[in-house]
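J.: Once you've had a glance at the structure underneath, I'll fire off some questions.
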Amino acid sequence: MRSRGHFRKNVYPSPFHSRLEPLNKLKEWGRWHDYLSADTYICDSKEYFAVRNTCAVFDLTPMEKTRVTGPDAFAYLDRLLTRSVEKVKPGRVGYCVWCDDNGRLLDDGTLFHLHEGDYRLCSLHPQLDWMLTSAIGFDVDIRVETHEVAALAFQGPTSCAVLRKMGLDDIENLKPFGIKHYAFAGTELMVSRTGYSGDLGYELWIDPSAAEDLWDRLFEAGELHGIMPFGGNALDLVRIEAGLLLCGKDFLPADGTVRPERTRSPFELGLDWLVDLSKPCFNGRQALLEEKKNGSRYNFVKLDIDGNKPANDSFIMLQNKTTVGHVTSAMWSPSAKANIAFASLEAPYGQVGEEFLAEIYYQRELKWTRVLAPCRVIDHNFFEPPRRRMTPAPDF
Amino acid sequence: MTDSKRIVIVGGGHNGLVCAAYLAKKGREVMVVEAAEQVGGAAVTREFTPGFKVSSCAHLLYLMDAGISRELGLETHGLRFARQDLATVALAADGKHLTYTTTAVSGGDVSADDRAAYPKYRRRMEKFSDVLAKLYTREPPRLGTHNRKDLMSAARLALDIRLLGRDDMREFLRIAGINMFDILEEQFDSALLKGALSLDGMLGGSLGPRSNNGVFAALHRLSGQVGGTRGALALPAGGMGSVTAALAQAAQMNGATIRTSSPVASILMDGDHVCGVELEGGEKIDAGIVVSNADPRTTLFDLLGARHLEAGIVRRVSNIRMSGKAAKLNLALNGAPEFTGLGADQLGERLVIAPDLVYVEHAFNHSKYGEHSVEPVMEITIPTVHDTTLAPSGQHVLSAVVQYAPYDLKGGWDEAARTAFTNQCMEVLGRYAPKIREQVMHTELMTPVDIEREFRITGGHWHHGELTLDQALMLRPVPGLAQYKTPVGGLYLCGAGSHPGGGVMGAAGRNAAAAVLSGE
């Protein structure tokens with residue numbers, strides 16, 4: 001992949017491409033950093049319902065994967081990330097965010113503690129510059145392994161049944177955020193019970209040489225369980241229902257943001273639980289301590305909106321029509337049967353139960369209409385089935 | 001967290017001692033911990049060969065804050081000057097040397113125009129350096145805050161510049177960031193005068209005459225006063241060590257304790273707050289506050305550890321330009337050296353070898369490519385002319401700052417490179433003092449690598465970091481550390497790496513003491 005002259009090509013097929021290509025009925029490809037990535041394979045709704053009702057596969061290979069090893073790997077990550085890394089034990093995965101010195105988010109991601117002192121950090125965007133800067137003074141080895149690991153997100157109620165059928169022993173006993181390793185096609189298949197759908201689901205990690213084998217075995221086992229690929233659009237729908245943030249949509253990475261007021265701190269995104277101020281030092285701590293003392297500028301909320309018109313890009317107003325914020329992500333949720341949104345509101349607005357108006361514009365047969373839909377702040381996720389957390393995972 | 005009230009000062013250089021004296025004066029329990037056998041840091045007098053003593057590194061006093069001398073009573077603590085009004089002699093190979101003082105230039109082939117222009121140039125530079133001097137006695141403002149103190153401080157700087165008057169304000173803003181070459185070419189004809197004056201912006205730093213920021217460095221150099229005269233050059237009796245000895249005495253008389261031969265291995269942390277220091281021998285000293293006189297990189301990376309700081313500030317500290325290019329050449333001579341055309345009465349002045357601007361630029365050029373100068377520039381003092389205590393009777397010491405000798409010399413400063421550079425220096429000296437080679441009894445060359453080792457300054461930079469606008473005032477050493485207080489609880493910086501910077505000033509030490517007191 002990273003051979004001499006690789007820069008002459010600007011985008012690569014993923015190791016699963018030979019299998020994805022015939023399934024991509026629309027023959028439309030977008031890009032996710034170095035890779036071709038499909039937003040839609042056949043129909044967003046169909047793919048969405050596969051994730052929610054059966055199971056579906058998303059090509060996760062383009063996800064930035066950075067390996068962190070060496071004697072100081074733990075100390076390094078504990079200083080890089082706002083959360084306690086100690087709580088991410090070997091064989092476990094933890095959700096995490098990281099900040100610049102101003103306490104503003106650079107990105108979010110998942111930290112895989114593969115083996116004692118051997119970590120993989122996955123993120124939407126490349127983080128090498130900041131990770132190397134943060135490595136000054138630490139004895140760590142930091143290596144981008146995005147191209148060395150093929151990955152699939154395999155999500156949905158029947159996902160566990162399919163993996164069992166594929167021969168992954170004891171997979172039903174893998175706890176949420178746990179990792180298991182299997183021998184597969186002469187190499188190692190790593191399975192983590194993680195995902196971006198808020199449902200029962202797994203992520204599969206393997207050497208690119210075995211990628212096609214993995215795909216074939218998975219689709220063979222899943223044939224009677226409704227397996228199909230899903231693209232970025234369906235993924236965006238399920239993650240909103242699951243209450244999960246998307247970098248670039250719900251917040252901007254601080255290092256790519258010109259206007260300081262457009263950046264967000266973890267507190268301003270409702271991620272207080274990911275900030276451990278009792279750690280003596282981590283990037284952003286000083287600023288976050290100040291913010292804790294002086295108050296945040298924004299609150300991040302989930303909204304339940306009346307009606308069924310998605311509140312994309314809406315302003316959020318007080319009853320007297322004063323604008324106090326805007327929607328970052330919105331959809332009509334077929335699973336929750338609710339009109340849902342994430343919004344960033346000026347503090348102190350955004351307490352649970354508080355009511356606002358969402359200014360929604362929609363078009364019907366070329367005629368634009370504006371509604372001020374009442375909405376309220378809720379504190380639960382729109383979609384959170386018990387099977388998400390059940391161990392052993394249920395069979396469907 | 002420790003409940004110790006003790007303040008440990010890491011390093012007994014002049015700034016550390018000044019800081020100790022001020023804190024002790026306010027009744028704080030202060031302990032200075034110095035690695036070397038004697039205090040003084042780079043302002044120290046040392047025997048470099050039996051019977052011959054020399055100011056090892058810095059050899060002239062011109063920046064010492066007058067307020068500090070007065071407030072700490074340095075004269076009552078033994079500071080005496082051998083001379084307070086050294087003139088500068090720009091040496092010419094043909095013996096037609098030129099001499100300038102703070103007020104006039106004479107000798108050489110200096111034209112009447114140059115003679116008239118010099119006092120004007122000098123007055124104007126002094127007026128501009130006054131603007132800096134006013135800023136030097138206080139903490140620099142933080143930019144981008146709404147803090148009243150910061151806003152007032154920034155407003156005062158703007159006001160001081162405005163009060164220069166329209167023409168001088170324009171001129172100040174025009175030249176403050178540019179190079180010595182351009183402003184000297186504008187004002188003078190004499191190549192010798194221009195060459196010598198350019199050194200004001202070059203000494204100790206990593207700039208050539210055509211490098212921007214040279215004027216700023218020159219203004220910095222002129223910002224001090226000796227005996228009430230701005231820009232005067234003084235030679236302390238007994239060498240620079242007597243300055244720091246007086247400071248040490250002032251600190252001790254006020255109640256500070258000083259421990260020498262006690263190198264600090266690390267600054268100890270308890271959570272996010274310092275709790276003391278550990279010496280190389282393993283001994284731990286409790287402290288509620290640690291003030292470091294070491295350069296920012298030594299302090300934060302070697303003694304504290306980058307992991308106790310956030311990554312953005314670590315990146316800024318690792319990018320501080322602090323690679324030294326000035327070396328020191330100390331010669332023990334068996335008699336008074338004879339410089340062609342130089343009267344015995346002038347031998348004790350500050351002698352410079354910088355015959356013209358292009359010569360200096362050529363000398364600098366080599367250093368950009370990791371080579372030492374083939375024809376170095378020099379600032380020479382022969383302190384034994386005024387001070388017979390430094391060498392056996394009839395014998396002399398020649399002390400020279402020689403440039404450019406880059407820290408990161410290609411191939412390293414091995415014996416061959418040291419010999420080669422020493423030979424180049426002697427070759428150049430020989431052009432002005434033909435018999436000097438035969439008078440040399442002992443030679444000591446201190447390259448930036450030696451300075452780094454002996455004085456524990458990363459990069460061997462005389463000023464603990466290049467003195468340029470991007471590393472000055474509220475940017476010195478880096479934003480976030482410019483107010484002496486570091487983000488680490490109880491840890492302060494007081495060395496030349498902090499505002500206002502290098503040269504034996506003491507202002508950083510005093511300002512840091514004020515920051516410690518206001519932070520309590």
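Naming works like this for the structure tokens: A, B, ... for the chains as they're shown, residue 1 at the start of each chain, ligands 1 onward in shown order.
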Sorted by chain and rising residue number, which residues of chain A lie within 7 Å of chain B, and what are their closest atom pairs and distances in Å to one decimal, counting only C-alpha atoms, as JSON lines?
T.:
```
{"residue": "A:Asp100", "atom": "CA", "partner": "B:Gly312", "partner_atom": "CA", "distance": 6.9}
{"residue": "A:Asp101", "atom": "CA", "partner": "B:Gly312", "partner_atom": "CA", "distance": 5.6}
{"residue": "A:Thr133", "atom": "CA", "partner": "B:Arg315", "partner_atom": "CA", "distance": 6.2}
{"residue": "A:Ser134", "atom": "CA", "partner": "B:Ala311", "partner_atom": "CA", "distance": 4.8}
{"residue": "A:Ile136", "atom": "CA", "partner": "B:Ala306", "partner_atom": "CA", "distance": 6.8}
{"residue": "A:Gly137", "atom": "CA", "partner": "B:Ala306", "partner_atom": "CA", "distance": 5.1}
{"residue": "A:Pro280", "atom": "CA", "partner": "B:Asp272", "partner_atom": "CA", "distance": 4.7}
{"residue": "A:Cys281", "atom": "CA", "partner": "B:His308", "partner_atom": "CA", "distance": 5.8}
{"residue": "A:Phe282", "atom": "CA", "partner": "B:Glu310", "partner_atom": "CA", "distance": 6.0}
{"residue": "A:Asn283", "atom": "CA", "partner": "B:Glu310", "partner_atom": "CA", "distance": 4.6}
{"residue": "A:Gly284", "atom": "CA", "partner": "B:Glu310", "partner_atom": "CA", "distance": 6.8}
```
J.: May I have the residues from that selection written out with C-alpha atoms, as a PDB file, in the first residue's frame?
T.:
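out33.pdb written:
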```
ATOM      1  CA  ASP A 100      -5.714  20.322  22.693  1.00  0.00           C
ATOM      2  CA  ASP A 101      -4.216  22.500  25.438  1.00  0.00           C
ATOM      3  CA  THR A 133       3.718  15.905  19.438  1.00  0.00           C
ATOM      4  CA  SER A 134       2.219  14.331  22.525  1.00  0.00           C
ATOM      5  CA  ILE A 136       7.771  14.071  23.326  1.00  0.00           C
ATOM      6  CA  GLY A 137       9.201  12.854  26.610  1.00  0.00           C
ATOM      7  CA  PRO A 280      -2.549  14.936  37.510  1.00  0.00           C
ATOM      8  CA  CYS A 281      -1.892  15.803  33.891  1.00  0.00           C
ATOM      9  CA  PHE A 282      -3.552  15.312  30.534  1.00  0.00           C
ATOM     10  CA  ASN A 283      -3.868  17.489  27.461  1.00  0.00           C
ATOM     11  CA  GLY A 284      -6.493  20.116  28.120  1.00  0.00           C
TER      12      GLY A 284
END
```
J.: Contacts between region 41-65 of chain A and region 181-291 of chain A, please, where a residue of region 181-291 of chain A counts if it comes within 12 Å (with only C-alpha atoms); show its shortest atom pair and distance in Å to one decimal, rows by chain and ascending number, as a Markdown table.
T.:
```
| residue | atom | partner | partner_atom | distance |
| --- | --- | --- | --- | --- |
| A:Gly195 | CA | A:Phe58 | CA | 10.1 |
| A:Tyr196 | CA | A:Phe58 | CA | 10.2 |
| A:Ser197 | CA | A:Val51 | CA | 7.9 |
| A:Gly198 | CA | A:Arg52 | CA | 9.6 |
| A:Asp199 | CA | A:Arg52 | CA | 7.6 |
| A:Leu200 | CA | A:Cys55 | CA | 9.4 |
| A:Gly201 | CA | A:Cys55 | CA | 8.4 |
| A:Tyr202 | CA | A:Val57 | CA | 9.7 |
| A:Glu203 | CA | A:Leu60 | CA | 8.5 |
| A:Leu204 | CA | A:Leu60 | CA | 9.0 |
| A:Trp205 | CA | A:Thr61 | CA | 8.7 |
| A:Ile206 | CA | A:Thr61 | CA | 9.8 |
| A:Asp207 | CA | A:Thr61 | CA | 10.6 |
| A:Pro208 | CA | A:Thr61 | CA | 9.2 |
| A:Ala211 | CA | A:Thr61 | CA | 10.1 |
| A:Glu212 | CA | A:Asp59 | CA | 11.9 |
| A:Leu214 | CA | A:Val57 | CA | 11.7 |
| A:Trp215 | CA | A:Val57 | CA | 9.3 |
| A:Leu218 | CA | A:Val57 | CA | 9.3 |
| A:Phe219 | CA | A:Val57 | CA | 9.3 |
| A:Ala221 | CA | A:Cys55 | CA | 11.5 |
| A:Gly222 | CA | A:Cys55 | CA | 8.1 |
| A:Glu223 | CA | A:Cys55 | CA | 10.2 |
| A:Leu224 | CA | A:Thr54 | CA | 9.7 |
| A:His225 | CA | A:Thr54 | CA | 6.2 |
| A:Gly226 | CA | A:Thr54 | CA | 5.4 |
| A:Ile227 | CA | A:Cys55 | CA | 5.1 |
| A:Met228 | CA | A:Ala56 | CA | 4.9 |
| A:Pro229 | CA | A:Val57 | CA | 4.5 |
| A:Phe230 | CA | A:Glu47 | CA | 5.1 |
| A:Gly231 | CA | A:Tyr41 | CA | 6.2 |
| A:Gly232 | CA | A:Phe58 | CA | 8.0 |
| A:Asn233 | CA | A:Asp44 | CA | 6.2 |
| A:Ala234 | CA | A:Tyr48 | CA | 4.9 |
| A:Leu235 | CA | A:Tyr48 | CA | 7.4 |
| A:Asp236 | CA | A:Tyr48 | CA | 9.3 |
| A:Leu237 | CA | A:Tyr48 | CA | 7.3 |
| A:Val238 | CA | A:Tyr48 | CA | 7.1 |
| A:Arg239 | CA | A:Tyr48 | CA | 10.6 |
| A:Ile240 | CA | A:Tyr48 | CA | 11.9 |
| A:Glu241 | CA | A:Arg52 | CA | 10.6 |
| A:Ala242 | CA | A:Arg52 | CA | 11.2 |
```
J.: Name all residues at most 10 Å from Thr101 (chain B) (count only C-alpha atoms; drop same-chain ones fewer than 6 positions away) and give them as an NGL selection string.
T.: :B and (85-89 or 118-119 or 122 or 231-233)
J.: Which residue is closest to Ala341 (chain A)? Choose from A:Thr323, A:Thr194, A:Asn308, A:Ser84 and count only C-alpha atoms.
T.: A:Asn308
J.: Pick out the residues sitting within 8 Å of Asn173 (chain A), and hand them over as a ChimeraX atom specification; count only C-alpha atoms, and ignore anything fewer than 6 positions along from it in its own chain.
T.: /A:391-393
J.: Which residues are near Thr244 (chain B)? Cut-off 12 Å, only C-alpha atoms, ignore same chain within fewer than 3 positions. Put them as a PyMOL selection string.
T.: chain B and resi 12-18+21+38-45+55+58+61+64+69+72+74-75+77-80+236-241+247-251+504-506
J.: Please identify all polymer residues within 10 Å of Glu444 (chain B), counting only C-alpha atoms, omitting same-chain residues fewer than 6 positions from it, and present them as a PyMOL selection string.
T.: chain B and resi 48-49+56+328-332+399+422
J.: Determine which residues of region 236-332 of chain A receive a DSSP assignment of strand (DSSP E), computed from the backbone, and state them as a PyMOL selection string.
T.: chain A and resi 298-305+315-317+323-332
J.: Could you take the residues named above and write them with C-alpha atoms, as a compact mmCIF listing (two decimals), in the first residue's frame?
T.:
```
# COMPACT_ATOMS: atom_id res chain seq x y z
CA TYR A 298 -22.65 25.50 25.50
CA ASN A 299 -24.79 22.53 26.37
CA PHE A 300 -25.24 19.59 24.06
CA VAL A 301 -28.69 18.06 24.14
CA LYS A 302 -30.91 15.39 22.67
CA LEU A 303 -34.25 16.73 21.54
CA ASP A 304 -37.60 15.06 21.07
CA ILE A 305 -39.41 17.20 18.51
CA PHE A 315 -32.37 26.99 14.87
CA ILE A 316 -33.55 26.27 18.38
CA MET A 317 -35.51 29.12 19.94
CA THR A 323 -32.40 31.87 19.03
CA VAL A 324 -30.34 29.95 21.61
CA GLY A 325 -28.75 27.25 19.49
CA HIS A 326 -28.86 25.03 16.47
CA VAL A 327 -29.37 21.42 15.52
CA THR A 328 -26.25 19.43 14.56
CA SER A 329 -27.83 16.09 13.61
CA ALA A 330 -31.50 15.23 13.05
CA MET A 331 -33.75 12.51 11.66
CA TRP A 332 -37.12 10.92 11.83
```
J.: So which one's closest to Ser262 (chain B), B:Pro50, B:Ser4, B:Ala405, B:Val10? Using only C-alpha atoms, please.
T.: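 Counting only C-alpha atoms, the residue closest to Ser262 (chain B) is B:Val10.
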J.: Using only C-alpha atoms, can you tell me which of B:Gly67, B:Gly276, B:Pro376, B:Pro500 comes closest to Val226 (chain B)?
T.: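 Nearest candidate to Val226 (chain B) out of B:Gly67, B:Gly276, B:Pro376, B:Pro500: B:Gly67.
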J.: Would you work out the distance separating CA of Ala265 (chain B) from CA of Gly288 (chain B), expressed in Å to one decimal?
T.: 17.5 Å
J.: Could you give me, as a PyMOL selection string, the residues within 12 Å of Phe128 (chain B), counting only C-alpha atoms and dropping anything in the same chain fewer than 4 positions from it?
T.: chain B and resi 121-124+132-135+160-165+168-176+215-223+230-231
